[in-house]
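Next comes run.cif, a file with mmCIF, C-alpha atoms and all ligand atoms.
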data_structure
#
loop_
_atom_site.group_PDB
_atom_site.id
_atom_site.type_symbol
_atom_site.label_atom_id
_atom_site.label_comp_id
_atom_site.auth_asym_id
_atom_site.auth_seq_id
_atom_site.Cartn_x
_atom_site.Cartn_y
_atom_site.Cartn_z
ATOM 1 C CA MET A 1 76.083 109.167 86.131
ATOM 2 C CA GLU A 2 76.548 105.617 84.917
ATOM 3 C CA THR A 3 76.098 102.840 87.413
ATOM 4 C CA LEU A 4 76.989 99.186 87.277
ATOM 5 C CA PHE A 5 75.097 96.589 89.242
ATOM 6 C CA ILE A 6 76.605 93.148 89.746
ATOM 7 C CA VAL A 7 73.684 90.815 90.348
ATOM 8 C CA CYS A 8 72.685 87.168 90.467
ATOM 9 C CA PRO A 9 70.493 86.475 87.405
ATOM 10 C CA ASP A 10 68.470 83.943 89.372
ATOM 11 C CA CYS A 11 67.404 86.549 91.963
ATOM 12 C CA PHE A 12 65.448 88.711 89.478
ATOM 13 C CA LEU A 13 66.302 91.947 91.256
ATOM 14 C CA GLU A 14 66.722 94.073 88.126
ATOM 15 C CA LYS A 15 63.164 95.444 88.247
ATOM 16 C CA LYS A 16 63.509 96.496 91.868
ATOM 17 C CA ILE A 17 66.869 98.084 91.096
ATOM 18 C CA ARG A 18 65.393 100.068 88.204
ATOM 19 C CA GLU A 19 62.577 101.272 90.458
ATOM 20 C CA GLN A 20 64.955 102.344 93.223
ATOM 21 C CA TYR A 21 67.830 103.801 91.248
ATOM 22 C CA GLY A 22 67.252 106.184 88.366
ATOM 23 C CA GLY A 23 69.622 106.774 85.477
ATOM 24 C CA LYS A 24 71.343 104.514 83.035
ATOM 25 C CA HIS A 25 72.412 101.157 84.367
ATOM 26 C CA PHE A 26 74.683 98.372 83.369
ATOM 27 C CA PHE A 27 74.278 94.891 84.725
ATOM 28 C CA LEU A 28 76.897 92.174 85.098
ATOM 29 C CA THR A 29 75.507 88.822 86.160
ATOM 30 C CA ALA A 30 76.865 85.682 87.787
ATOM 31 C CA LEU A 31 75.014 82.954 89.662
ATOM 32 C CA GLY A 32 75.144 83.907 93.347
ATOM 33 C CA ILE A 33 77.526 86.719 92.213
ATOM 34 C CA VAL A 34 80.319 84.135 91.966
ATOM 35 C CA PHE A 35 82.086 84.642 88.637
ATOM 36 C CA GLU A 36 83.474 81.626 86.832
ATOM 37 C CA ARG A 37 85.844 83.889 84.930
ATOM 38 C CA ASP A 38 88.073 86.860 85.600
ATOM 39 C CA ILE A 39 85.954 89.983 85.069
ATOM 40 C CA SER A 40 88.703 92.574 85.508
ATOM 41 C CA ASN A 41 88.919 93.345 81.780
ATOM 42 C CA GLU A 42 85.164 93.852 81.542
ATOM 43 C CA LEU A 43 85.221 96.141 84.553
ATOM 44 C CA LEU A 44 88.181 98.098 83.165
ATOM 45 C CA TYR A 45 86.321 98.563 79.894
ATOM 46 C CA LEU A 46 83.183 99.785 81.652
ATOM 47 C CA ILE A 47 85.175 102.249 83.753
ATOM 48 C CA ARG A 48 87.282 103.632 80.912
ATOM 49 C CA TYR A 49 84.823 103.707 78.037
ATOM 50 C CA GLU A 50 81.343 103.701 79.532
ATOM 51 C CA GLY A 51 82.002 106.178 82.312
ATOM 52 C CA ILE A 52 80.923 103.936 85.181
ATOM 53 C CA LYS A 53 81.191 105.908 88.411
ATOM 54 C CA LYS A 54 79.511 103.572 90.870
ATOM 55 C CA ILE A 55 79.694 99.823 91.182
ATOM 56 C CA TYR A 56 77.078 98.115 93.280
ATOM 57 C CA ILE A 57 77.700 94.544 94.364
ATOM 58 C CA VAL A 58 74.219 93.207 95.017
ATOM 59 C CA SER A 59 73.219 90.220 97.081
ATOM 60 C CA SER A 60 70.045 89.035 98.728
ATOM 61 C CA SER A 61 69.173 86.755 101.613
ATOM 62 C CA CYS A 62 66.513 85.383 99.249
ATOM 63 C CA CYS A 63 69.153 84.186 96.762
ATOM 64 C CA SER A 64 68.413 80.530 96.070
ATOM 65 C CA PHE A 65 72.124 79.661 96.134
ATOM 66 C CA ILE A 66 72.525 81.179 99.597
ATOM 67 C CA GLN A 67 69.301 79.581 100.851
ATOM 68 C CA LYS A 68 70.413 76.196 99.510
ATOM 69 C CA ASN A 69 73.803 76.628 101.139
ATOM 70 C CA ILE A 70 72.278 77.521 104.537
ATOM 71 C CA ASN A 71 69.996 74.505 104.335
ATOM 72 C CA HIS A 72 72.873 72.150 103.455
ATOM 73 C CA ARG A 73 71.327 71.136 100.162
ATOM 74 C CA MET A 74 74.564 71.129 98.218
ATOM 75 C CA ASP A 75 74.191 68.658 95.424
ATOM 76 C CA SER A 76 75.937 70.412 92.594
ATOM 77 C CA THR A 77 79.426 70.899 91.249
ATOM 78 C CA LEU A 78 78.822 74.554 90.392
ATOM 79 C CA LYS A 79 81.554 76.943 91.413
ATOM 80 C CA VAL A 80 79.012 79.142 93.200
ATOM 81 C CA ASP A 81 78.124 76.268 95.542
ATOM 82 C CA SER A 82 81.704 75.437 96.452
ATOM 83 C CA VAL A 83 82.615 79.111 96.954
ATOM 84 C CA LEU A 84 79.582 79.703 99.176
ATOM 85 C CA SER A 85 80.210 76.627 101.293
ATOM 86 C CA GLU A 86 83.844 77.706 101.794
ATOM 87 C CA LEU A 87 82.589 81.134 102.780
ATOM 88 C CA LYS A 88 80.106 79.567 105.207
ATOM 89 C CA LYS A 89 82.844 77.453 106.799
ATOM 90 C CA GLY A 90 84.827 80.628 107.449
ATOM 91 C CA ILE A 91 81.984 82.200 109.454
ATOM 92 C CA GLN A 92 80.676 79.025 111.119
ATOM 93 C CA ASP A 93 81.093 80.466 114.646
ATOM 94 C CA GLN A 94 79.075 83.561 113.788
ATOM 95 C CA LEU A 95 76.396 81.505 112.054
ATOM 96 C CA LEU A 96 75.977 79.179 115.044
ATOM 97 C CA LYS A 97 74.995 82.143 117.194
ATOM 98 C CA ILE A 98 72.132 83.059 114.855
ATOM 99 C CA ARG A 99 68.808 81.196 115.039
ATOM 100 C CA GLU A 100 66.804 82.709 112.213
ATOM 101 C CA ILE A 101 67.487 81.163 108.800
ATOM 102 C CA ASN A 102 66.946 84.501 107.082
ATOM 103 C CA GLU A 103 69.354 86.249 109.415
ATOM 104 C CA LYS A 104 71.949 83.579 108.622
ATOM 105 C CA ALA A 105 71.252 84.114 104.929
ATOM 106 C CA SER A 106 71.668 87.877 105.345
ATOM 107 C CA LEU A 107 75.072 87.352 106.953
ATOM 108 C CA VAL A 108 76.173 85.034 104.135
ATOM 109 C CA ALA A 109 74.897 87.589 101.590
ATOM 110 C CA LEU A 110 76.939 90.318 103.288
ATOM 111 C CA LYS A 111 80.088 88.188 103.420
ATOM 112 C CA ASN A 112 79.572 87.248 99.781
ATOM 113 C CA ILE A 113 79.496 90.939 98.868
ATOM 114 C CA TYR A 114 82.789 91.514 100.708
ATOM 115 C CA ARG A 115 84.270 88.406 99.079
ATOM 116 C CA LEU A 116 83.581 89.769 95.606
ATOM 117 C CA GLY A 117 84.752 93.229 96.663
ATOM 118 C CA TYR A 118 88.092 91.758 97.671
ATOM 119 C CA GLU A 119 88.260 89.696 94.488
ATOM 120 C CA ILE A 120 87.755 92.841 92.402
ATOM 121 C CA THR A 121 90.291 94.939 94.286
ATOM 122 C CA GLU A 122 92.925 92.207 94.237
ATOM 123 C CA ASN A 123 93.621 93.018 90.590
ATOM 124 C CA ASP A 124 96.315 95.719 90.666
ATOM 125 C CA MET A 125 95.357 97.473 87.447
ATOM 126 C CA LEU A 126 91.682 97.436 88.310
ATOM 127 C CA ARG A 127 92.304 98.710 91.814
ATOM 128 C CA ASN A 128 94.438 101.567 90.476
ATOM 129 C CA ASN A 129 91.724 102.490 88.011
ATOM 130 C CA LEU A 130 89.030 102.399 90.683
ATOM 131 C CA ARG A 131 91.076 104.952 92.590
ATOM 132 C CA ARG A 132 92.113 107.070 89.626
ATOM 133 C CA PHE A 133 88.562 107.435 88.351
ATOM 134 C CA ASN A 134 87.137 107.787 91.862
ATOM 135 C CA ILE A 135 84.801 104.841 91.459
ATOM 136 C CA GLU A 136 82.533 104.180 94.398
ATOM 137 C CA LEU A 137 82.291 100.551 95.420
ATOM 138 C CA ILE A 138 79.065 99.853 97.264
ATOM 139 C CA GLY A 139 77.491 96.713 98.643
ATOM 140 C CA LEU A 140 73.743 96.367 98.381
ATOM 141 C CA ILE A 141 71.549 93.924 100.252
ATOM 142 C CA LEU A 142 68.279 93.738 98.423
ATOM 143 C CA ASN A 143 65.648 91.342 99.657
ATOM 144 C CA LYS A 144 62.519 90.507 97.725
ATOM 145 C CA ASN A 145 60.146 91.303 100.560
ATOM 146 C CA ASN A 146 59.744 94.858 101.793
ATOM 147 C CA GLU A 147 62.762 94.887 104.071
ATOM 148 C CA PRO A 148 64.644 98.149 103.723
ATOM 149 C CA ILE A 149 67.492 98.255 101.241
ATOM 150 C CA GLN A 150 70.868 98.156 102.929
ATOM 151 C CA GLU A 151 73.817 99.966 101.367
ATOM 152 C CA ILE A 152 77.330 99.178 102.543
ATOM 153 C CA ASN A 153 80.234 101.462 101.768
ATOM 154 C CA LEU A 154 83.032 99.224 100.520
ATOM 155 C CA SER A 155 85.606 102.012 100.107
ATOM 156 C CA ALA A 156 87.510 100.600 103.077
ATOM 157 C CA ILE A 157 88.411 97.647 100.871
ATOM 158 C CA LEU A 158 90.191 100.049 98.542
ATOM 159 C CA VAL A 159 92.113 101.549 101.435
ATOM 160 C CA ARG A 160 94.014 98.331 101.996
ATOM 161 C CA LEU A 161 96.253 99.390 99.161
ATOM 162 C CA LYS A 162 99.930 98.907 98.869
ATOM 163 C CA ARG A 163 101.858 102.110 99.377
ATOM 164 C CA ASN A 164 103.554 101.826 96.005
ATOM 165 C CA ASP A 165 100.259 101.915 94.110
ATOM 166 C CA ASN A 166 100.012 104.766 91.627
ATOM 167 C CA PRO A 167 97.617 107.462 92.821
HETATM 168 ZN ZN ZN B 201 70.478 84.479 93.416
#
Take the structure in this file and express it as structure tokens.
Ligand SMILES: [Zn+2]
Amino acid sequence: METLFIVCPDCFLEKKIREQYGGKHFFLTALGIVFERDISNELLYLIRYEGIKKIYIVSSSCCSFIQKNINHRMDSTLKVDSVLSELKKGIQDQLLKIREINEKASLVALKNIYRLGYEITENDMLRNNLRRFNIELIGLILNKNNEPIQEINLSAILVRLKRNDNP
């Protein structure tokens, strides 16, 4: 079974992923898993011609972009920084209730996974193909220390489909 992992290239999680998940893997990378471009055509290609059956959206509380965002050190004009600070604004109330920096970072990592999940499923053709080929969409929180790996079933995102979608 072919599996695609969407990862941040700055997190260096590929080795850990290879250790944890056997089989043949594909990797798509974007800083802080925020894509500058539309990746729907690449994903469609991978699903149709490479037989991808599972897509993991991977994030980590250790991600330097998330850590920087939590610590208010936003000095760049990178898209990843603006997207993450928007995301943080949206969950400000939840973040205020958390004391631990790493717990805050974990929450941002989780929300970032959902954000990309929604971005992917917003494309009609891609969403239809995810359903037609029974592709599993899974979130993965992978921290560099020995915290347990957390898998999140993102299928619910696919359920928010319009009724007139082709089966
Ligand atoms: Zn990162």
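If you apply the PyMOL selection byres (((not hetatm)) within 10 of (chain B and resi 201)) to this structure, you end up with A:Val7, A:Cys8, A:Pro9, A:Asp10, A:Cys11, A:Phe12, A:Leu13, A:Thr29, A:Ala30, A:Leu31, A:Gly32, A:Ile33, A:Val34, A:Val58, A:Ser59, A:Ser60, A:Ser61, A:Cys62, A:Cys63, A:Ser64, A:Phe65, A:Ile66, A:Gln67, A:Ala109.
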Excluding Thr121 of chain A and its own-chain neighbours fewer than 5 positions away, which residues fall within 12 Å of it when counting all atoms listed in the file? Please give them as a CSV table (one decimal) with C-alpha atoms, in the frame of the given file.
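Just written: out-v3.csv:
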chain,number,residue,atom,x,y,z
A,39,ILE,CA,86.0,90.0,85.1
A,40,SER,CA,88.7,92.6,85.5
A,43,LEU,CA,85.2,96.1,84.6
A,44,LEU,CA,88.2,98.1,83.2
A,114,TYR,CA,82.8,91.5,100.7
A,115,ARG,CA,84.3,88.4,99.1
A,116,LEU,CA,83.6,89.8,95.6
A,126,LEU,CA,91.7,97.4,88.3
A,127,ARG,CA,92.3,98.7,91.8
A,128,ASN,CA,94.4,101.6,90.5
A,129,ASN,CA,91.7,102.5,88.0
A,130,LEU,CA,89.0,102.4,90.7
A,131,ARG,CA,91.1,105.0,92.6
A,135,ILE,CA,84.8,104.8,91.5
A,137,LEU,CA,82.3,100.6,95.4
A,154,LEU,CA,83.0,99.2,100.5
A,155,SER,CA,85.6,102.0,100.1
A,156,ALA,CA,87.5,100.6,103.1
A,157,ILE,CA,88.4,97.6,100.9
A,158,LEU,CA,90.2,100.0,98.5
A,159,VAL,CA,92.1,101.5,101.4
A,160,ARG,CA,94.0,98.3,102.0
A,161,LEU,CA,96.3,99.4,99.2
A,162,LYS,CA,99.9,98.9,98.9
Between atom CA of Thr3 of chain A and atom CA of Asn69 of chain A, what distance in Å does the model show, to one decimal? 29.7 Å
Nearest residue to Asp124 of chain A out of A:Gln150, A:Leu28, A:Leu110, A:Asn41, using all atoms listed in the file? A:Asn41
Smallest atom-to-atom distance to Ile57 of chain A: which of A:Asp81, A:Glu119, A:Glu103, A:Glu147, using only C-alpha atoms? A:Glu119
re atom CA of Ser106 of chain A and atom CA of Gln94 of chain A: distance 12.0 Å
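Here atom CA of Val108 of chain A and atom CA of Lys88 of chain A stand 6.8 Å from one another.
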How would you write, as a list in words, the residues chosen by the PyMOL selection byres (((chain A and resi 26) around 6) and not hetatm) on this structure? Leu4, His25 and Phe27 of chain A
Here is a test: counting only C-alpha atoms, which residue of A:Ser82, A:Arg99, A:Glu151, A:Ile113 is nearest to Glu36 of chain A? A:Ser82
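Ranking A:Tyr118, A:Lys111, A:Lys24, A:Glu50 by their shortest atom-to-atom distance to Gly90 of chain A, with only C-alpha atoms included, puts A:Lys111 first.
Proximity of A:Asp93, A:Gly117, A:Ala105, A:Glu2 to Tyr49 of chain A, computed with only C-alpha atoms, is greatest for A:Glu2.
Considering all atoms listed in the file, the residue among A:Ile47, A:Ile101, A:Ile70, A:Met1 positioned nearest to Lys89 of chain A is A:Ile70.
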Just need the box for segment 63-81 of chain A, edges along x, y and z, holding every atom the file lists for it with 5 Å tacked onto each side, so centre and edge lengths in Å to one decimal, as JSON.
{"center_x": 75.0, "center_y": 76.4, "center_z": 97.5, "size_x": 23.1, "size_y": 25.5, "size_z": 24.1}
Could you please fill out segment 71-101 of chain A with N, CA and C atoms and send it back as a short mmCIF file (atom, residue, chain, number, x, y, z; two decimals), in the frame of the given file?
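Once written, out_10.cif looks like this:
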data_model
loop_
_atom_site.label_atom_id
_atom_site.label_comp_id
_atom_site.auth_asym_id
_atom_site.auth_seq_id
_atom_site.Cartn_x
_atom_site.Cartn_y
_atom_site.Cartn_z
N ASN A 71 70.78 75.71 104.03
CA ASN A 71 70.00 74.50 104.34
C ASN A 71 70.72 73.20 103.99
N HIS A 72 72.02 73.32 103.71
CA HIS A 72 72.87 72.15 103.46
C HIS A 72 72.42 71.31 102.26
N ARG A 73 71.71 71.91 101.34
CA ARG A 73 71.33 71.14 100.16
C ARG A 73 72.32 71.43 99.04
N MET A 74 73.50 70.86 99.17
CA MET A 74 74.56 71.13 98.22
C MET A 74 74.77 69.89 97.35
N ASP A 75 74.11 69.86 96.24
CA ASP A 75 74.19 68.66 95.42
C ASP A 75 74.81 68.93 94.06
N SER A 76 75.44 70.08 93.92
CA SER A 76 75.94 70.41 92.59
C SER A 76 77.46 70.56 92.59
N THR A 77 77.99 70.67 91.40
CA THR A 77 79.43 70.90 91.25
C THR A 77 79.67 72.31 90.73
N LEU A 78 78.66 73.18 90.84
CA LEU A 78 78.82 74.55 90.39
C LEU A 78 79.82 75.29 91.28
N LYS A 79 80.58 76.18 90.65
CA LYS A 79 81.55 76.94 91.41
C LYS A 79 80.88 77.76 92.52
N VAL A 80 79.71 78.32 92.20
CA VAL A 80 79.01 79.14 93.20
C VAL A 80 78.76 78.35 94.48
N ASP A 81 78.41 77.08 94.36
CA ASP A 81 78.12 76.27 95.54
C ASP A 81 79.38 75.99 96.36
N SER A 82 80.49 75.70 95.69
CA SER A 82 81.70 75.44 96.45
C SER A 82 82.24 76.72 97.10
N VAL A 83 82.14 77.84 96.38
CA VAL A 83 82.62 79.11 96.95
C VAL A 83 81.77 79.49 98.17
N LEU A 84 80.45 79.33 98.06
CA LEU A 84 79.58 79.70 99.18
C LEU A 84 79.77 78.77 100.37
N SER A 85 80.02 77.50 100.12
CA SER A 85 80.21 76.63 101.29
C SER A 85 81.56 76.88 101.97
N GLU A 86 82.58 77.27 101.19
CA GLU A 86 83.84 77.71 101.79
C GLU A 86 83.63 78.95 102.65
N LEU A 87 82.88 79.88 102.08
CA LEU A 87 82.59 81.13 102.78
C LEU A 87 81.85 80.85 104.09
N LYS A 88 80.89 79.91 104.02
CA LYS A 88 80.11 79.57 105.21
C LYS A 88 81.00 78.93 106.28
N LYS A 89 81.92 78.08 105.85
CA LYS A 89 82.84 77.45 106.80
C LYS A 89 83.63 78.52 107.56
N GLY A 90 84.03 79.56 106.84
CA GLY A 90 84.83 80.63 107.45
C GLY A 90 84.09 81.43 108.51
N ILE A 91 82.76 81.41 108.48
CA ILE A 91 81.98 82.20 109.45
C ILE A 91 81.09 81.29 110.30
N GLN A 92 81.49 80.01 110.40
CA GLN A 92 80.68 79.03 111.12
C GLN A 92 80.32 79.47 112.55
N ASP A 93 81.32 80.04 113.26
CA ASP A 93 81.09 80.47 114.65
C ASP A 93 80.01 81.53 114.73
N GLN A 94 80.08 82.50 113.81
CA GLN A 94 79.08 83.56 113.79
C GLN A 94 77.70 83.00 113.44
N LEU A 95 77.68 82.07 112.50
CA LEU A 95 76.40 81.50 112.05
C LEU A 95 75.72 80.70 113.16
N LEU A 96 76.53 80.02 113.97
CA LEU A 96 75.98 79.18 115.04
C LEU A 96 75.23 80.01 116.09
N LYS A 97 75.63 81.27 116.20
CA LYS A 97 75.00 82.14 117.19
C LYS A 97 73.66 82.70 116.70
N ILE A 98 73.37 82.51 115.42
CA ILE A 98 72.13 83.06 114.86
C ILE A 98 71.09 81.95 114.71
N ARG A 99 69.86 82.22 115.13
CA ARG A 99 68.81 81.20 115.04
C ARG A 99 68.04 81.27 113.72
N GLU A 100 67.65 82.48 113.39
CA GLU A 100 66.80 82.71 112.21
C GLU A 100 67.53 82.37 110.90
N ILE A 101 66.91 81.52 110.10
CA ILE A 101 67.49 81.16 108.80
C ILE A 101 67.75 82.40 107.94
#
